[in-house]
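Student: Sharing a structure, written as structure tokens. Questions coming.
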Number of protein chains: 2
Amino acid sequence: MITIIAKCTAKKEFVDDLLELALELVQFSRKEEGNVSYDFYQDITFPEKFTFIECWKDSAAIDSHNATPHFNHFVEKTGRIFAGPLDVALFRKLT
Amino acid sequence: MITIIAKCTAKKEFVDDLLELALELVQFSRKEEGNVSYDFYQDITFPEKFTFIECWKDSAAIDSHNATPHFNHFVEKTGRIFAGPLDVALFRKLT
């Protein structure tokens with residue numbers, strides 16, 4: 001099992017667009033065979049900052065996710081929406 | 001419900017000490033009345049980097065947690081263990 005924590009920041013004028021794209025991405029991603037959970041969070045203090053917390057069965061499931069049309073649609077559409085690069089890190093759960 | 005994502009980095013020689021302190025903190029924190037979940041993750045690429053993902057009923061539960069002996073013991077003992085400041089952010093779950 002691998003947990004991805006992916007942080008992103010939207011340009012302030014595109015917060016609603018990011019919300020729409022992210023909620024669509026969550027719905028499609030949860031249906032993938034290798035997905036365990038896929039959630040989306042908004043920073044309480046800085047509402048333009050968001051974090052995905054995703055749990056995947058293994059690295060093959062992540063490779064498969066990265067090749068899906070819905071993930072690539074999200075990457076393509078968020079190009080002008082993000083204020084900086086997506087910050088992605090992979091974790092193993094210790095507890 | 002409030003989710004805390006707290007990132008920390010241990011000095012390399014103190015990774016095992018941090019693990020011990022963190023696992024103890026997790027056990028005590030999960031028993032708090034206002035806690036929903038409390039987990040601890042290790043970065044797969046940089047094993048000295050860790051993240052807590054904590055879910056709390058409300059901000060009063062977080063205030064109460066921050067005043068507990070086990071949390072303050074962790075803060076005190078990690079002073080010389082962390083390579084930098086604890087990076088704490090509060091989120092609301094959107095999905």
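We label chains A, B, ... in the order they appear in the structure tokens, count residues from 1 in each chain, and number ligands from 1 in the order shown.
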Provide as number ranges by chain the residues of chain A at most 8 Å from chain B, counting only C-alpha atoms.
Tutor: A: 23, 26, 39-45, 89-95
Student: Take the residues that were just selected and, keeping N, CA, C and O atoms, output them as a compact mmCIF listing (two decimals), in the first residue's frame.
Tutor:
```txt
# COMPACT_ATOMS: atom_id res chain seq x y z
N LEU A 23 -12.91 17.45 -8.23
CA LEU A 23 -14.02 16.58 -7.82
C LEU A 23 -14.31 15.53 -8.90
O LEU A 23 -14.62 14.38 -8.60
N VAL A 26 -11.52 12.92 -8.62
CA VAL A 26 -11.75 12.03 -7.48
C VAL A 26 -12.75 10.93 -7.86
O VAL A 26 -12.53 9.75 -7.60
N ASP A 39 -9.00 11.26 -1.71
CA ASP A 39 -9.73 12.38 -1.10
C ASP A 39 -9.06 13.71 -1.38
O ASP A 39 -7.86 13.77 -1.67
N PHE A 40 -9.84 14.75 -1.25
CA PHE A 40 -9.40 16.09 -1.64
C PHE A 40 -9.72 17.06 -0.49
O PHE A 40 -10.84 17.07 0.01
N TYR A 41 -8.72 17.84 -0.11
CA TYR A 41 -8.83 18.70 1.07
C TYR A 41 -8.48 20.15 0.72
O TYR A 41 -7.58 20.40 -0.09
N GLN A 42 -9.15 21.08 1.40
CA GLN A 42 -8.85 22.51 1.22
C GLN A 42 -8.25 23.06 2.51
O GLN A 42 -8.78 22.81 3.61
N ASP A 43 -7.17 23.82 2.37
CA ASP A 43 -6.53 24.46 3.52
C ASP A 43 -7.51 25.47 4.15
O ASP A 43 -8.11 26.29 3.45
N ILE A 44 -7.68 25.38 5.46
CA ILE A 44 -8.64 26.25 6.15
C ILE A 44 -8.14 27.70 6.19
O ILE A 44 -8.92 28.64 6.06
N THR A 45 -6.84 27.88 6.32
CA THR A 45 -6.26 29.22 6.43
C THR A 45 -6.03 29.88 5.07
O THR A 45 -6.19 31.08 4.92
N ALA A 89 4.47 13.57 -3.07
CA ALA A 89 5.39 12.71 -2.31
C ALA A 89 4.67 11.40 -1.99
O ALA A 89 3.46 11.37 -1.76
N LEU A 90 5.45 10.33 -2.00
CA LEU A 90 4.91 8.99 -1.74
C LEU A 90 5.30 8.52 -0.34
O LEU A 90 6.47 8.65 0.06
N PHE A 91 4.34 7.95 0.37
CA PHE A 91 4.56 7.54 1.76
C PHE A 91 4.10 6.11 2.00
O PHE A 91 3.21 5.61 1.32
N ARG A 92 4.73 5.51 3.00
CA ARG A 92 4.20 4.25 3.55
C ARG A 92 3.64 4.56 4.94
O ARG A 92 4.24 5.32 5.70
N LYS A 93 2.49 3.93 5.23
CA LYS A 93 1.84 4.15 6.52
C LYS A 93 2.52 3.30 7.58
O LYS A 93 2.70 2.08 7.36
N LEU A 94 2.91 3.89 8.70
CA LEU A 94 3.63 3.15 9.74
C LEU A 94 2.72 2.73 10.89
O LEU A 94 3.16 1.95 11.75
N THR A 95 1.51 3.24 10.92
CA THR A 95 0.64 2.95 12.08
C THR A 95 -0.64 2.26 11.63
O THR A 95 -1.00 2.30 10.48
```
Student: Give the helix (DSSP H, G or I) residues of chain A, as assigned by DSSP on the backbone, as an MDAnalysis selection string.
Tutor: chainID A and resid 12:30 59:66 69:78
Student: Restricting the output to C-alpha atoms, write the selected residues as a PDB file, in the first residue's frame.
Tutor:
```pdb
ATOM      1  CA  LYS A  12      -7.034  32.840  -6.779  1.00  0.00           C
ATOM      2  CA  GLU A  13      -9.240  33.488  -9.838  1.00  0.00           C
ATOM      3  CA  PHE A  14      -9.262  29.775 -10.682  1.00  0.00           C
ATOM      4  CA  VAL A  15     -10.198  28.231  -7.302  1.00  0.00           C
ATOM      5  CA  ASP A  16     -13.694  27.264  -8.515  1.00  0.00           C
ATOM      6  CA  ASP A  17     -12.302  25.754 -11.733  1.00  0.00           C
ATOM      7  CA  LEU A  18      -9.844  23.653  -9.743  1.00  0.00           C
ATOM      8  CA  LEU A  19     -12.617  22.459  -7.431  1.00  0.00           C
ATOM      9  CA  GLU A  20     -14.669  21.298 -10.410  1.00  0.00           C
ATOM     10  CA  LEU A  21     -11.743  19.489 -12.052  1.00  0.00           C
ATOM     11  CA  ALA A  22     -10.594  17.901  -8.793  1.00  0.00           C
ATOM     12  CA  LEU A  23     -14.021  16.581  -7.820  1.00  0.00           C
ATOM     13  CA  GLU A  24     -14.308  14.997 -11.280  1.00  0.00           C
ATOM     14  CA  LEU A  25     -10.830  13.460 -10.885  1.00  0.00           C
ATOM     15  CA  VAL A  26     -11.754  12.028  -7.476  1.00  0.00           C
ATOM     16  CA  GLN A  27     -14.893  10.360  -8.838  1.00  0.00           C
ATOM     17  CA  PHE A  28     -13.054   8.677 -11.725  1.00  0.00           C
ATOM     18  CA  SER A  29      -9.989   7.718  -9.667  1.00  0.00           C
ATOM     19  CA  ARG A  30     -12.010   5.986  -6.943  1.00  0.00           C
ATOM     20  CA  SER A  59       3.247   1.159  -7.538  1.00  0.00           C
ATOM     21  CA  ALA A  60       1.709  -0.565 -10.579  1.00  0.00           C
ATOM     22  CA  ALA A  61      -1.645   0.938  -9.587  1.00  0.00           C
ATOM     23  CA  ILE A  62      -0.045   4.398  -9.500  1.00  0.00           C
ATOM     24  CA  ASP A  63       1.567   3.882 -12.918  1.00  0.00           C
ATOM     25  CA  SER A  64      -1.809   2.828 -14.262  1.00  0.00           C
ATOM     26  CA  HIS A  65      -3.495   5.887 -12.694  1.00  0.00           C
ATOM     27  CA  ASN A  66      -0.916   8.216 -14.228  1.00  0.00           C
ATOM     28  CA  PRO A  69      -7.451   9.735 -19.575  1.00  0.00           C
ATOM     29  CA  HIS A  70      -9.008  11.375 -16.479  1.00  0.00           C
ATOM     30  CA  PHE A  71      -5.633  11.982 -14.811  1.00  0.00           C
ATOM     31  CA  ASN A  72      -4.118  13.367 -17.996  1.00  0.00           C
ATOM     32  CA  HIS A  73      -7.180  15.558 -18.559  1.00  0.00           C
ATOM     33  CA  PHE A  74      -6.676  16.983 -15.062  1.00  0.00           C
ATOM     34  CA  VAL A  75      -2.965  17.633 -15.666  1.00  0.00           C
ATOM     35  CA  GLU A  76      -3.690  19.314 -18.995  1.00  0.00           C
ATOM     36  CA  LYS A  77      -6.533  21.498 -17.704  1.00  0.00           C
ATOM     37  CA  THR A  78      -4.728  22.581 -14.524  1.00  0.00           C
TER      38      THR A  78
END
```
Student: Counting only C-alpha atoms, which of A:Met1, A:Val36, A:Ile81, A:Val88 gets nearest to A:Asp58?
Tutor: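 The shortest atom-to-atom distance to A:Asp58 comes from A:Met1.
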Student: Quick one: DSSP strand (DSSP E or B) residues in chain A, as a PyMOL selection string?
Tutor: chain A and resi 2-10+35-43+49-56+82+87-93
Student: If you count only C-alpha atoms, which residues fall within 6 Å of A:Ala10, apart from same-chain ones fewer than 6 positions away, as a PDB file with N, CA and C atoms, in the first residue's frame?
Tutor:
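Result went into selection-v1.pdb, see below:
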```pdb
ATOM      1  N   GLU A  48      -6.905  28.815  -1.218  1.00  0.00           N
ATOM      2  CA  GLU A  48      -6.431  28.491  -2.578  1.00  0.00           C
ATOM      3  C   GLU A  48      -5.448  27.310  -2.564  1.00  0.00           C
ATOM      4  N   ILE A  81      -4.112  26.830 -14.310  1.00  0.00           N
ATOM      5  CA  ILE A  81      -4.859  27.070 -13.069  1.00  0.00           C
ATOM      6  C   ILE A  81      -3.954  27.099 -11.840  1.00  0.00           C
ATOM      7  N   PHE A  82      -2.925  26.244 -11.865  1.00  0.00           N
ATOM      8  CA  PHE A  82      -2.014  26.152 -10.726  1.00  0.00           C
ATOM      9  C   PHE A  82      -1.078  27.363 -10.662  1.00  0.00           C
ATOM     10  N   ALA A  83      -0.835  27.818  -9.427  1.00  0.00           N
ATOM     11  CA  ALA A  83       0.101  28.934  -9.229  1.00  0.00           C
ATOM     12  C   ALA A  83       1.543  28.442  -9.178  1.00  0.00           C
TER      13      ALA A  83
END
```
Student: For each of A:Glu32, A:Arg80, A:Cys8, A:Pro85, take the minimum atom-to-atom distance to A:Thr68, counting only C-alpha atoms, then give the residue where this is smallest.
Tutor: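 The answer is A:Glu32, which sits nearest to A:Thr68.
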Student: Can you tell me how far atom CA of B:Glu33 sits from atom CA of B:Glu54, in Å to one decimal?
Tutor: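 Atom-to-atom, atom CA of B:Glu33 to atom CA of B:Glu54, that is 13.5 Å.
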Student: To one decimal in Å, tell me the separation between atom CA of B:Lys11 and atom CA of B:Asp87.
Tutor: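 According to the coordinates, atom CA of B:Lys11 and atom CA of B:Asp87 are separated by 15.3 Å.
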Student: Hey, can you check how far atom CA of B:Cys55 sits from atom CA of A:Ser37?
Tutor: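 Separation of atom CA of B:Cys55 and atom CA of A:Ser37: 15.5 Å.
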